[in-house]
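Engineer: See upload-v4.cif below, with mmCIF, C-alpha atoms and all ligand atoms.
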```
data_data
#
loop_
_atom_site.group_PDB
_atom_site.id
_atom_site.type_symbol
_atom_site.label_atom_id
_atom_site.label_comp_id
_atom_site.auth_asym_id
_atom_site.auth_seq_id
_atom_site.Cartn_x
_atom_site.Cartn_y
_atom_site.Cartn_z
ATOM 1 C CA MET A 1 9.567 3.668 -15.975
ATOM 2 C CA ASN A 2 12.225 5.422 -13.911
ATOM 3 C CA TYR A 3 10.743 4.974 -10.442
ATOM 4 C CA ARG A 4 12.588 2.489 -8.202
ATOM 5 C CA HIS A 5 11.040 1.736 -4.829
ATOM 6 C CA SER A 6 14.462 0.784 -3.404
ATOM 7 C CA PHE A 7 15.086 4.551 -2.905
ATOM 8 C CA HIS A 8 11.939 4.884 -0.786
ATOM 9 C CA ALA A 9 11.411 1.515 0.934
ATOM 10 C CA GLY A 10 10.393 1.798 4.572
ATOM 11 C CA ASN A 11 9.515 5.505 4.358
ATOM 12 C CA SER A 12 6.574 6.983 6.281
ATOM 13 C CA ALA A 13 4.172 6.204 3.407
ATOM 14 C CA ASP A 14 5.221 2.533 3.453
ATOM 15 C CA VAL A 15 4.655 2.370 7.222
ATOM 16 C CA VAL A 16 1.084 3.680 6.911
ATOM 17 C CA LYS A 17 0.279 1.667 3.757
ATOM 18 C CA HIS A 18 1.664 -1.601 5.118
ATOM 19 C CA SER A 19 0.147 -1.151 8.603
ATOM 20 C CA LEU A 20 -3.311 -0.578 7.117
ATOM 21 C CA LEU A 21 -2.890 -3.443 4.662
ATOM 22 C CA ILE A 22 -2.076 -5.817 7.513
ATOM 23 C CA ALA A 23 -5.092 -4.624 9.532
ATOM 24 C CA LEU A 24 -7.353 -4.943 6.482
ATOM 25 C CA VAL A 25 -6.278 -8.479 5.541
ATOM 26 C CA ARG A 26 -6.469 -9.637 9.168
ATOM 27 C CA ALA A 27 -10.001 -8.226 9.431
ATOM 28 C CA LEU A 28 -11.044 -10.113 6.272
ATOM 29 C CA GLN A 29 -9.427 -13.297 7.607
ATOM 30 C CA LEU A 30 -11.821 -13.338 10.565
ATOM 31 C CA LYS A 31 -13.970 -15.304 8.101
ATOM 32 C CA GLU A 32 -12.678 -18.732 7.007
ATOM 33 C CA SER A 33 -13.488 -18.394 3.300
ATOM 34 C CA ALA A 34 -10.503 -18.023 0.946
ATOM 35 C CA LEU A 35 -9.112 -14.679 -0.176
ATOM 36 C CA THR A 36 -7.271 -13.784 -3.381
ATOM 37 C CA LEU A 37 -4.730 -11.009 -2.794
ATOM 38 C CA ILE A 38 -3.638 -9.191 -5.963
ATOM 39 C CA ASP A 39 -0.728 -6.722 -5.838
ATOM 40 C CA THR A 40 -0.751 -4.894 -9.200
ATOM 41 C CA HIS A 41 2.443 -2.839 -8.600
ATOM 42 C CA ALA A 42 4.474 -5.190 -6.421
ATOM 43 C CA GLY A 43 8.019 -3.759 -6.615
ATOM 44 C CA CYS A 44 11.017 -5.928 -5.614
ATOM 45 C CA GLY A 45 9.509 -7.611 -2.555
ATOM 46 C CA LEU A 46 12.505 -7.107 -0.264
ATOM 47 C CA TYR A 47 14.798 -4.092 0.162
ATOM 48 C CA ASP A 48 18.223 -3.529 1.698
ATOM 49 C CA LEU A 49 17.966 -0.503 3.997
ATOM 50 C CA ASN A 50 21.787 -0.317 4.072
ATOM 51 C CA GLY A 51 22.005 -0.446 0.268
ATOM 52 C CA GLU A 52 23.167 2.453 -1.912
ATOM 53 C CA GLU A 53 19.678 3.507 -3.061
ATOM 54 C CA ALA A 54 18.095 3.571 0.417
ATOM 55 C CA GLY A 55 21.239 5.238 1.796
ATOM 56 C CA ARG A 56 20.995 8.060 -0.753
ATOM 57 C CA THR A 57 17.572 9.223 0.482
ATOM 58 C CA GLY A 58 17.636 8.037 4.120
ATOM 59 C CA GLU A 59 13.825 7.931 4.018
ATOM 60 C CA ALA A 60 13.587 4.871 6.280
ATOM 61 C CA THR A 61 14.841 6.968 9.216
ATOM 62 C CA GLN A 62 11.563 8.943 9.064
ATOM 63 C CA GLY A 63 9.521 5.784 8.564
ATOM 64 C CA VAL A 64 10.202 2.234 9.696
ATOM 65 C CA LEU A 65 12.956 3.298 12.116
ATOM 66 C CA ARG A 66 10.534 5.701 13.832
ATOM 67 C CA ALA A 67 7.936 2.920 14.033
ATOM 68 C CA PHE A 68 10.573 0.782 15.773
ATOM 69 C CA ALA A 69 11.635 3.584 18.167
ATOM 70 C CA ASP A 70 7.962 4.022 19.155
ATOM 71 C CA ARG A 71 6.684 1.163 21.322
ATOM 72 C CA ASN A 72 2.916 1.661 20.862
ATOM 73 C CA PRO A 73 1.436 -1.886 20.930
ATOM 74 C CA LEU A 74 -0.974 -0.948 18.120
ATOM 75 C CA LEU A 75 2.051 -1.074 15.803
ATOM 76 C CA ASN A 76 3.109 -4.558 16.985
ATOM 77 C CA ASP A 77 1.601 -6.373 13.973
ATOM 78 C CA TYR A 78 3.448 -4.064 11.588
ATOM 79 C CA ARG A 79 6.745 -4.368 13.478
ATOM 80 C CA ALA A 80 6.384 -8.174 13.575
ATOM 81 C CA THR A 81 6.186 -8.374 9.752
ATOM 82 C CA VAL A 82 9.394 -6.330 9.489
ATOM 83 C CA GLU A 83 11.096 -8.370 12.246
ATOM 84 C CA ALA A 84 10.215 -11.556 10.365
ATOM 85 C CA VAL A 85 12.702 -10.683 7.575
ATOM 86 C CA ASN A 86 15.430 -9.421 9.936
ATOM 87 C CA VAL A 87 17.727 -10.988 12.520
ATOM 88 C CA GLY A 88 18.921 -8.069 14.710
ATOM 89 C CA ALA A 89 16.928 -5.639 16.851
ATOM 90 C CA GLU A 90 17.128 -2.800 14.259
ATOM 91 C CA PRO A 91 15.797 -3.598 10.749
ATOM 92 C CA THR A 92 18.337 -3.699 7.935
ATOM 93 C CA LEU A 93 15.958 -5.355 5.451
ATOM 94 C CA TYR A 94 12.516 -4.042 4.567
ATOM 95 C CA PRO A 95 9.667 -6.284 3.373
ATOM 96 C CA GLY A 96 7.684 -4.761 0.521
ATOM 97 C CA SER A 97 3.974 -5.490 0.149
ATOM 98 C CA PRO A 98 4.642 -8.933 -1.512
ATOM 99 C CA ARG A 99 6.691 -10.203 1.432
ATOM 100 C CA ILE A 100 4.169 -8.733 3.892
ATOM 101 C CA LEU A 101 1.204 -10.328 2.114
ATOM 102 C CA THR A 102 2.954 -13.686 1.931
ATOM 103 C CA GLN A 103 3.354 -13.641 5.719
ATOM 104 C CA LEU A 104 -0.408 -13.154 6.082
ATOM 105 C CA LEU A 105 -1.409 -15.978 3.705
ATOM 106 C CA ARG A 106 -3.433 -18.899 5.046
ATOM 107 C CA PRO A 107 -3.415 -22.256 3.195
ATOM 108 C CA GLN A 108 -6.712 -21.415 1.477
ATOM 109 C CA ASP A 109 -5.588 -17.941 0.275
ATOM 110 C CA VAL A 110 -4.074 -17.060 -3.118
ATOM 111 C CA LEU A 111 -1.401 -14.404 -3.771
ATOM 112 C CA ILE A 112 -0.948 -12.837 -7.240
ATOM 113 C CA LEU A 113 1.903 -10.361 -7.704
ATOM 114 C CA ASN A 114 2.649 -8.163 -10.684
ATOM 115 C CA GLU A 115 5.632 -5.963 -11.543
ATOM 116 C CA LYS A 116 6.346 -4.497 -14.989
ATOM 117 C CA HIS A 117 9.925 -3.248 -14.583
ATOM 118 C CA PRO A 118 12.113 -6.165 -15.799
ATOM 119 C CA GLU A 119 14.855 -5.711 -13.153
ATOM 120 C CA ASP A 120 12.372 -5.354 -10.303
ATOM 121 C CA ALA A 121 10.342 -8.298 -11.617
ATOM 122 C CA TYR A 122 13.533 -10.404 -11.608
ATOM 123 C CA ALA A 123 14.287 -9.308 -8.006
ATOM 124 C CA LEU A 124 10.668 -10.017 -7.048
ATOM 125 C CA ARG A 125 10.859 -13.594 -8.374
ATOM 126 C CA GLY A 126 14.002 -14.091 -6.260
ATOM 127 C CA ALA A 127 12.407 -12.556 -3.143
ATOM 128 C CA MET A 128 9.326 -14.778 -3.519
ATOM 129 C CA ARG A 129 11.131 -18.057 -4.283
ATOM 130 C CA GLY A 130 9.745 -20.859 -2.123
ATOM 131 C CA THR A 131 6.445 -19.062 -1.488
ATOM 132 C CA PRO A 132 3.106 -19.952 -3.120
ATOM 133 C CA ALA A 133 2.870 -16.529 -4.830
ATOM 134 C CA ALA A 134 2.324 -16.299 -8.608
ATOM 135 C CA VAL A 135 4.486 -13.571 -10.174
ATOM 136 C CA HIS A 136 3.427 -11.754 -13.374
ATOM 137 C CA GLU A 137 5.294 -9.194 -15.474
ATOM 138 C CA ARG A 138 2.408 -7.309 -17.098
ATOM 139 C CA ASP A 139 0.857 -3.894 -17.250
ATOM 140 C CA ALA A 140 -0.847 -3.300 -13.893
ATOM 141 C CA TYR A 141 -4.092 -1.949 -15.320
ATOM 142 C CA GLU A 142 -4.442 -4.789 -17.833
ATOM 143 C CA LEU A 143 -3.787 -7.368 -15.084
ATOM 144 C CA TRP A 144 -6.162 -5.659 -12.610
ATOM 145 C CA LEU A 145 -9.137 -6.181 -14.947
ATOM 146 C CA ALA A 146 -7.975 -9.564 -16.292
ATOM 147 C CA MET A 147 -7.950 -11.076 -12.771
ATOM 148 C CA LEU A 148 -11.534 -10.037 -11.940
ATOM 149 C CA PRO A 149 -13.742 -11.476 -10.694
ATOM 150 C CA THR A 150 -11.357 -13.479 -8.486
ATOM 151 C CA ARG A 151 -11.658 -17.266 -8.460
ATOM 152 C CA THR A 152 -12.148 -17.257 -4.688
ATOM 153 C CA PRO A 153 -15.367 -15.678 -3.398
ATOM 154 C CA ARG A 154 -13.503 -12.788 -1.751
ATOM 155 C CA GLY A 155 -10.391 -10.812 -2.593
ATOM 156 C CA VAL A 156 -8.302 -7.662 -2.266
ATOM 157 C CA VAL A 157 -6.659 -5.733 -5.105
ATOM 158 C CA VAL A 158 -3.773 -3.482 -4.016
ATOM 159 C CA VAL A 159 -2.890 -0.713 -6.483
ATOM 160 C CA ASP A 160 0.337 1.104 -5.623
ATOM 161 C CA PRO A 161 1.670 3.016 -8.657
ATOM 162 C CA PRO A 162 4.602 5.457 -8.665
ATOM 163 C CA TYR A 163 2.529 8.318 -10.211
ATOM 164 C CA GLU A 164 5.375 9.235 -12.575
ATOM 165 C CA GLN A 165 3.006 9.235 -15.584
ATOM 166 C CA THR A 166 0.741 12.281 -15.899
ATOM 167 C CA ASP A 167 -2.226 10.056 -16.746
ATOM 168 C CA GLU A 168 -1.825 7.716 -13.724
ATOM 169 C CA ARG A 169 -4.862 9.100 -11.872
ATOM 170 C CA ALA A 170 -6.981 8.980 -15.048
ATOM 171 C CA ARG A 171 -5.970 5.326 -15.648
ATOM 172 C CA ILE A 172 -6.833 4.447 -12.052
ATOM 173 C CA THR A 173 -10.210 6.182 -12.296
ATOM 174 C CA ALA A 174 -11.110 4.424 -15.572
ATOM 175 C CA THR A 175 -9.867 0.997 -14.436
ATOM 176 C CA LEU A 176 -11.605 1.283 -11.078
ATOM 177 C CA ALA A 177 -14.900 2.086 -12.844
ATOM 178 C CA SER A 178 -14.546 -1.031 -15.054
ATOM 179 C CA ALA A 179 -13.351 -3.188 -12.138
ATOM 180 C CA HIS A 180 -16.374 -2.149 -10.082
ATOM 181 C CA ARG A 181 -18.705 -3.247 -12.887
ATOM 182 C CA LYS A 182 -17.053 -6.722 -12.928
ATOM 183 C CA TRP A 183 -16.576 -7.140 -9.164
ATOM 184 C CA ALA A 184 -18.748 -4.765 -7.144
ATOM 185 C CA HIS A 185 -18.257 -6.574 -3.815
ATOM 186 C CA GLY A 186 -14.436 -6.804 -3.976
ATOM 187 C CA VAL A 187 -12.049 -4.882 -1.726
ATOM 188 C CA THR A 188 -9.696 -2.458 -3.486
ATOM 189 C CA VAL A 189 -6.855 -0.459 -1.926
ATOM 190 C CA ILE A 190 -5.314 2.414 -3.893
ATOM 191 C CA TRP A 191 -2.241 4.252 -2.597
ATOM 192 C CA TYR A 192 -1.677 7.902 -3.593
ATOM 193 C CA PRO A 193 0.846 10.654 -2.822
ATOM 194 C CA LEU A 194 -0.326 14.010 -1.474
ATOM 195 C CA LYS A 195 1.293 17.090 -2.957
ATOM 196 C CA ASP A 196 -1.188 19.930 -3.136
ATOM 197 C CA ARG A 197 -4.650 19.934 -1.633
ATOM 198 C CA ALA A 198 -6.462 21.513 -4.619
ATOM 199 C CA ALA A 199 -5.260 18.862 -7.114
ATOM 200 C CA HIS A 200 -6.119 16.088 -4.685
ATOM 201 C CA LEU A 201 -9.605 17.505 -4.146
ATOM 202 C CA ARG A 202 -10.201 17.553 -7.930
ATOM 203 C CA TRP A 203 -9.309 13.850 -8.182
ATOM 204 C CA LYS A 204 -11.489 12.986 -5.190
ATOM 205 C CA ASN A 205 -14.424 14.756 -6.851
ATOM 206 C CA LYS A 206 -13.902 12.717 -10.038
ATOM 207 C CA LEU A 207 -13.803 9.502 -7.997
ATOM 208 C CA ARG A 208 -16.929 10.525 -6.084
ATOM 209 C CA ARG A 209 -18.744 10.871 -9.421
ATOM 210 C CA LEU A 210 -18.164 7.122 -10.060
ATOM 211 C CA SER A 211 -20.863 6.580 -7.404
ATOM 212 C CA ILE A 212 -19.076 3.570 -5.936
ATOM 213 C CA PRO A 213 -20.518 2.916 -2.456
ATOM 214 C CA LYS A 214 -18.383 2.155 0.634
ATOM 215 C CA PHE A 215 -15.466 4.302 -0.607
ATOM 216 C CA LEU A 216 -13.145 5.267 2.249
ATOM 217 C CA SER A 217 -10.346 7.810 2.014
ATOM 218 C CA VAL A 218 -7.398 7.913 4.446
ATOM 219 C CA GLU A 219 -5.107 10.963 4.289
ATOM 220 C CA HIS A 220 -1.787 11.467 6.015
ATOM 221 C CA TRP A 221 -0.547 15.066 5.878
ATOM 222 C CA LEU A 222 2.916 15.049 7.434
ATOM 223 C CA TYR A 223 3.389 18.794 7.972
ATOM 224 C CA ASP A 224 1.205 21.385 9.666
ATOM 225 C CA SER A 225 1.378 23.643 6.581
ATOM 226 C CA ASP A 226 1.860 22.481 2.980
ATOM 227 C CA GLN A 227 5.402 22.621 1.608
ATOM 228 C CA PRO A 228 4.800 23.865 -1.981
ATOM 229 C CA GLY A 229 5.628 21.460 -4.809
ATOM 230 C CA ILE A 230 6.980 18.641 -2.640
ATOM 231 C CA TYR A 231 5.647 15.443 -1.167
ATOM 232 C CA ASN A 232 3.425 16.409 1.771
ATOM 233 C CA GLY A 233 2.162 12.978 2.672
ATOM 234 C CA ALA A 234 0.190 10.087 1.263
ATOM 235 C CA GLY A 235 -3.045 8.247 1.610
ATOM 236 C CA LEU A 236 -5.117 5.247 0.680
ATOM 237 C CA PHE A 237 -8.513 4.774 -0.854
ATOM 238 C CA VAL A 238 -10.184 1.629 0.416
ATOM 239 C CA ILE A 239 -13.283 0.405 -1.388
ATOM 240 C CA ASN A 240 -15.510 -2.026 0.527
ATOM 241 C CA PRO A 241 -13.456 -2.071 3.756
ATOM 242 C CA PRO A 242 -14.782 -4.657 6.230
ATOM 243 C CA TYR A 243 -16.604 -3.307 9.289
ATOM 244 C CA VAL A 244 -13.998 -4.677 11.744
ATOM 245 C CA PHE A 245 -11.286 -2.737 9.900
ATOM 246 C CA THR A 246 -13.128 0.600 9.951
ATOM 247 C CA GLN A 247 -14.058 0.104 13.635
ATOM 248 C CA GLY A 248 -10.398 -0.250 14.652
ATOM 249 C CA LEU A 249 -9.099 2.450 12.327
ATOM 250 C CA LEU A 250 -9.166 5.573 14.523
ATOM 251 C CA PRO A 251 -6.718 4.390 17.234
ATOM 252 C CA LEU A 252 -4.416 2.837 14.623
ATOM 253 C CA LEU A 253 -4.293 6.093 12.624
ATOM 254 C CA GLU A 254 -3.524 8.061 15.795
ATOM 255 C CA ALA A 255 -0.719 5.620 16.714
ATOM 256 C CA LEU A 256 0.771 5.999 13.216
ATOM 257 C CA ARG A 257 0.453 9.796 13.229
ATOM 258 C CA ALA A 258 2.205 10.048 16.594
ATOM 259 C CA ALA A 259 5.000 7.641 15.616
ATOM 260 C CA LEU A 260 5.670 9.348 12.265
ATOM 261 C CA ALA A 261 5.206 13.077 13.080
ATOM 262 C CA PRO A 262 8.266 14.967 11.761
ATOM 263 C CA GLU A 263 10.236 17.126 14.218
ATOM 264 C CA GLY A 264 8.217 20.288 15.019
ATOM 265 C CA HIS A 265 5.027 19.091 13.309
ATOM 266 C CA ARG A 266 1.965 17.298 14.600
ATOM 267 C CA GLY A 267 0.710 16.154 11.201
ATOM 268 C CA GLU A 268 -2.753 14.854 10.441
ATOM 269 C CA LEU A 269 -3.902 11.301 9.705
ATOM 270 C CA THR A 270 -7.631 11.047 9.148
ATOM 271 C CA SER A 271 -10.235 8.981 7.372
ATOM 272 C CA CYS A 272 -13.561 9.896 5.815
ATOM 273 C CA TRP A 273 -16.096 8.355 3.433
ATOM 274 C CA LEU A 274 -16.127 9.638 -0.157
ATOM 275 C CA SER A 275 -19.380 7.736 -0.364
ATOM 276 C CA GLU A 276 -21.003 5.385 2.152
HETATM 277 C C1 LIG B 1 5.520 2.164 -5.253
HETATM 278 S S1 LIG B 1 6.280 0.809 -6.053
HETATM 279 C C2 LIG B 1 5.502 -0.578 -5.358
HETATM 280 C C3 LIG B 1 5.822 -0.838 -3.913
HETATM 281 C C4 LIG B 1 5.144 -2.061 -3.350
HETATM 282 N N1 LIG B 1 3.729 -2.096 -3.646
HETATM 283 C C5 LIG B 1 5.331 -2.108 -1.843
HETATM 284 O O1 LIG B 1 4.471 -1.623 -1.088
HETATM 285 O O2 LIG B 1 6.349 -2.673 -1.416
HETATM 286 C C6 LIG B 1 5.551 0.886 -7.644
HETATM 287 C C7 LIG B 1 6.028 -0.207 -8.601
HETATM 288 O O3 LIG B 1 5.184 -0.214 -9.752
HETATM 289 C C8 LIG B 1 5.956 -0.562 -10.888
HETATM 290 N N2 LIG B 1 5.182 -0.088 -12.053
HETATM 291 C C9 LIG B 1 5.098 1.161 -12.554
HETATM 292 N N3 LIG B 1 4.211 1.207 -13.572
HETATM 293 C C10 LIG B 1 3.723 -0.052 -13.711
HETATM 294 C C11 LIG B 1 2.742 -0.637 -14.571
HETATM 295 N N4 LIG B 1 2.091 0.088 -15.506
HETATM 296 N N5 LIG B 1 2.473 -1.936 -14.425
HETATM 297 C C12 LIG B 1 3.105 -2.699 -13.486
HETATM 298 N N6 LIG B 1 4.039 -2.199 -12.643
HETATM 299 C C13 LIG B 1 4.340 -0.886 -12.748
HETATM 300 C C14 LIG B 1 7.273 0.127 -10.654
HETATM 301 O O4 LIG B 1 8.309 -0.489 -11.401
HETATM 302 C C15 LIG B 1 7.447 -0.020 -9.140
HETATM 303 O O5 LIG B 1 8.217 -1.142 -8.825
#
```
Once more with this new file: its structure as structure tokens, please.
Ligand SMILES: C[S@@+](CC[C@H](N)C(=O)[O-])C[C@H]1O[C@@H](n2cnc3c(N)ncnc32)[C@H](O)[C@@H]1O
Structural biologist:
Amino acid sequence: MNYRHSFHAGNSADVVKHSLLIALVRALQLKESALTLIDTHAGCGLYDLNGEEAGRTGEATQGVLRAFADRNPLLNDYRATVEAVNVGAEPTLYPGSPRILTQLLRPQDVLILNEKHPEDAYALRGAMRGTPAAVHERDAYELWLAMLPTRTPRGVVVVDPPYEQTDERARITATLASAHRKWAHGVTVIWYPLKDRAAHLRWKNKLRRLSIPKFLSVEHWLYDSDQPGIYNGAGLFVINPPYVFTQGLLPLLEALRAALAPEGHRGELTSCWLSE
């Protein structure tokens, strides 16, 4: 486990992932009944954008700092969650998914966080002190299945692995198939990086063969032509997205695309159903 999210916190993928997560949870919270939010790969919870790791990559300049330079009101909810952990006008701290989810919690909701890396798990416990979140230090795929079905009638599982293991996609596919058998109505969000289109298409075809209905795919291609072998963007699979979320998705995706488009590129941020 070499991946450390502190090198990448607040990058363009985090902006899209966290903006959509906020919109999704808010859409589910239009109903009063309790939600269980499960973050299987939680990371540290809070990141120093002026720290050595973030400084080495500078990725936040193409992500959260662009979202702050852009004043589109559709990004207000996202900016507010970042502002909530900062004091000045420009963010110096970045809230990871645990700190974002904790801001969205209502008294009836439950938050379960999991992080396997011992140092990041220690940082996560510190970042979540004083919040109602439960923090686990287990294997994400074991925890994902162990927590289902959730104790509350509704819930969201967020799966955000680093993809440093060659079998990561295969583990996701197998765990998702088992999770669906235990909890067919639950909402699942799976983040993925986009490198080359052919490999991504092969994985999508495998996922399609699971025959899971209401399977949405969101893809963010940053550049107008693929840059071979490097990170070209990222996306999310959302299983069982609520109707209110999918209805509001198009303008939000366009706002994110415009805010995050790299110099000289338009980029592409689209959604489609793998199965409806
Ligand atoms: C992309 S980061 C998570 C970022 C976080 N979800 C956010 O949005 O702020 C992925 C995390 O998964 C952890 N991780 C990797 N493999 C894991 C596994 N099998 N089980 C649990 N955590 C794992 C890594 O240590 C890393 O902190």
Engineer: Taking the file as shown, find all residues satisfying the PyMOL selection byres (((chain A and resi 22) around 12) and not hetatm) and write them as a ChimeraX atom specification.
Structural biologist: /A:14-21,23-29,37,74-82,97-105,156,158,189,245,249,252
Engineer: Could you list, as a ChimeraX atom specification, all the residues within 7 Å of ligand LIG 1 (chain B), counting only C-alpha atoms and all ligand atoms?
Structural biologist: /A:1,3-5,9,14,18,39-45,95-98,114-117,120,138-141,160-162
Engineer: Export C-alpha atoms of the chosen residues as a PDB file, in the frame of the given file?
Structural biologist:
```pdb
ATOM      1  CA  MET A   1       9.567   3.668 -15.975  1.00  0.00           C
ATOM      2  CA  TYR A   3      10.743   4.974 -10.442  1.00  0.00           C
ATOM      3  CA  ARG A   4      12.588   2.489  -8.202  1.00  0.00           C
ATOM      4  CA  HIS A   5      11.040   1.736  -4.829  1.00  0.00           C
ATOM      5  CA  ALA A   9      11.411   1.515   0.934  1.00  0.00           C
ATOM      6  CA  ASP A  14       5.221   2.533   3.453  1.00  0.00           C
ATOM      7  CA  HIS A  18       1.664  -1.601   5.118  1.00  0.00           C
ATOM      8  CA  ASP A  39      -0.728  -6.722  -5.838  1.00  0.00           C
ATOM      9  CA  THR A  40      -0.751  -4.894  -9.200  1.00  0.00           C
ATOM     10  CA  HIS A  41       2.443  -2.839  -8.600  1.00  0.00           C
ATOM     11  CA  ALA A  42       4.474  -5.190  -6.421  1.00  0.00           C
ATOM     12  CA  GLY A  43       8.019  -3.759  -6.615  1.00  0.00           C
ATOM     13  CA  CYS A  44      11.017  -5.928  -5.614  1.00  0.00           C
ATOM     14  CA  GLY A  45       9.509  -7.611  -2.555  1.00  0.00           C
ATOM     15  CA  PRO A  95       9.667  -6.284   3.373  1.00  0.00           C
ATOM     16  CA  GLY A  96       7.684  -4.761   0.521  1.00  0.00           C
ATOM     17  CA  SER A  97       3.974  -5.490   0.149  1.00  0.00           C
ATOM     18  CA  PRO A  98       4.642  -8.933  -1.512  1.00  0.00           C
ATOM     19  CA  ASN A 114       2.649  -8.163 -10.684  1.00  0.00           C
ATOM     20  CA  GLU A 115       5.632  -5.963 -11.543  1.00  0.00           C
ATOM     21  CA  LYS A 116       6.346  -4.497 -14.989  1.00  0.00           C
ATOM     22  CA  HIS A 117       9.925  -3.248 -14.583  1.00  0.00           C
ATOM     23  CA  ASP A 120      12.372  -5.354 -10.303  1.00  0.00           C
ATOM     24  CA  ARG A 138       2.408  -7.309 -17.098  1.00  0.00           C
ATOM     25  CA  ASP A 139       0.857  -3.894 -17.250  1.00  0.00           C
ATOM     26  CA  ALA A 140      -0.847  -3.300 -13.893  1.00  0.00           C
ATOM     27  CA  TYR A 141      -4.092  -1.949 -15.320  1.00  0.00           C
ATOM     28  CA  ASP A 160       0.337   1.104  -5.623  1.00  0.00           C
ATOM     29  CA  PRO A 161       1.670   3.016  -8.657  1.00  0.00           C
ATOM     30  CA  PRO A 162       4.602   5.457  -8.665  1.00  0.00           C
TER      31      PRO A 162
END
```
Engineer: Could you tell me how far atom CA of A:Ser225 sits from atom CA of A:Arg202, in Å to one decimal place?
Structural biologist: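 Atom CA of A:Arg202 sits 19.5 Å away from atom CA of A:Ser225.
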Engineer: Suppose you want the space between atom CA of A:Leu269 and atom CA of A:Val187; what is it in Å?
Structural biologist: 21.4 Å
Engineer: Name all residues at most 9 Å from A:Gly233 (count only C-alpha atoms; drop same-chain ones fewer than 3 positions away) and give them as a ChimeraX atom specification.
Structural biologist: /A:12-13,192-195,219-223
Engineer: Assuming 5 Å of padding per side, give the centre and edge lengths of the axis-aligned box around every listed atom of stretch 27-44 of chain A, in Å to one decimal and as JSON.
Structural biologist:
```
{"center_x": -1.5, "center_y": -10.8, "center_z": 0.7, "size_x": 35.0, "size_y": 25.9, "size_z": 29.8}
```
Engineer: Name the residues, using the chain letters and numbers of the file, that sit within 12 Å of (-8.1, 9.5, -7.6) when counting all atoms listed in the file, and give them as a PyMOL selection string.
Structural biologist: chain A and resi 159+161+163+167-177+189-194+199-210+215-217+235-238+274
Engineer: Write out, as a PDB file, keeping the file's coordinate frame, the residues just selected, with C-alpha atoms.
Structural biologist:
```pdb
ATOM      1  CA  VAL A 159      -2.890  -0.713  -6.483  1.00  0.00           C
ATOM      2  CA  PRO A 161       1.670   3.016  -8.657  1.00  0.00           C
ATOM      3  CA  TYR A 163       2.529   8.318 -10.211  1.00  0.00           C
ATOM      4  CA  ASP A 167      -2.226  10.056 -16.746  1.00  0.00           C
ATOM      5  CA  GLU A 168      -1.825   7.716 -13.724  1.00  0.00           C
ATOM      6  CA  ARG A 169      -4.862   9.100 -11.872  1.00  0.00           C
ATOM      7  CA  ALA A 170      -6.981   8.980 -15.048  1.00  0.00           C
ATOM      8  CA  ARG A 171      -5.970   5.326 -15.648  1.00  0.00           C
ATOM      9  CA  ILE A 172      -6.833   4.447 -12.052  1.00  0.00           C
ATOM     10  CA  THR A 173     -10.210   6.182 -12.296  1.00  0.00           C
ATOM     11  CA  ALA A 174     -11.110   4.424 -15.572  1.00  0.00           C
ATOM     12  CA  THR A 175      -9.867   0.997 -14.436  1.00  0.00           C
ATOM     13  CA  LEU A 176     -11.605   1.283 -11.078  1.00  0.00           C
ATOM     14  CA  ALA A 177     -14.900   2.086 -12.844  1.00  0.00           C
ATOM     15  CA  VAL A 189      -6.855  -0.459  -1.926  1.00  0.00           C
ATOM     16  CA  ILE A 190      -5.314   2.414  -3.893  1.00  0.00           C
ATOM     17  CA  TRP A 191      -2.241   4.252  -2.597  1.00  0.00           C
ATOM     18  CA  TYR A 192      -1.677   7.902  -3.593  1.00  0.00           C
ATOM     19  CA  PRO A 193       0.846  10.654  -2.822  1.00  0.00           C
ATOM     20  CA  LEU A 194      -0.326  14.010  -1.474  1.00  0.00           C
ATOM     21  CA  ALA A 199      -5.260  18.862  -7.114  1.00  0.00           C
ATOM     22  CA  HIS A 200      -6.119  16.088  -4.685  1.00  0.00           C
ATOM     23  CA  LEU A 201      -9.605  17.505  -4.146  1.00  0.00           C
ATOM     24  CA  ARG A 202     -10.201  17.553  -7.930  1.00  0.00           C
ATOM     25  CA  TRP A 203      -9.309  13.850  -8.182  1.00  0.00           C
ATOM     26  CA  LYS A 204     -11.489  12.986  -5.190  1.00  0.00           C
ATOM     27  CA  ASN A 205     -14.424  14.756  -6.851  1.00  0.00           C
ATOM     28  CA  LYS A 206     -13.902  12.717 -10.038  1.00  0.00           C
ATOM     29  CA  LEU A 207     -13.803   9.502  -7.997  1.00  0.00           C
ATOM     30  CA  ARG A 208     -16.929  10.525  -6.084  1.00  0.00           C
ATOM     31  CA  ARG A 209     -18.744  10.871  -9.421  1.00  0.00           C
ATOM     32  CA  LEU A 210     -18.164   7.122 -10.060  1.00  0.00           C
ATOM     33  CA  PHE A 215     -15.466   4.302  -0.607  1.00  0.00           C
ATOM     34  CA  LEU A 216     -13.145   5.267   2.249  1.00  0.00           C
ATOM     35  CA  SER A 217     -10.346   7.810   2.014  1.00  0.00           C
ATOM     36  CA  GLY A 235      -3.045   8.247   1.610  1.00  0.00           C
ATOM     37  CA  LEU A 236      -5.117   5.247   0.680  1.00  0.00           C
ATOM     38  CA  PHE A 237      -8.513   4.774  -0.854  1.00  0.00           C
ATOM     39  CA  VAL A 238     -10.184   1.629   0.416  1.00  0.00           C
ATOM     40  CA  LEU A 274     -16.127   9.638  -0.157  1.00  0.00           C
TER      41      LEU A 274
END
```
Engineer: Selected by the PyMOL selection byres (((chain A and resi 153) around 8) and not hetatm) in the shown coordinates: which residues, as number ranges by chain?
Structural biologist: A: 33-35, 150-152, 154-155
Engineer: By how many Å are atom CA of A:Gly248 and atom CA of A:Arg66 apart?
Structural biologist: 21.8 Å
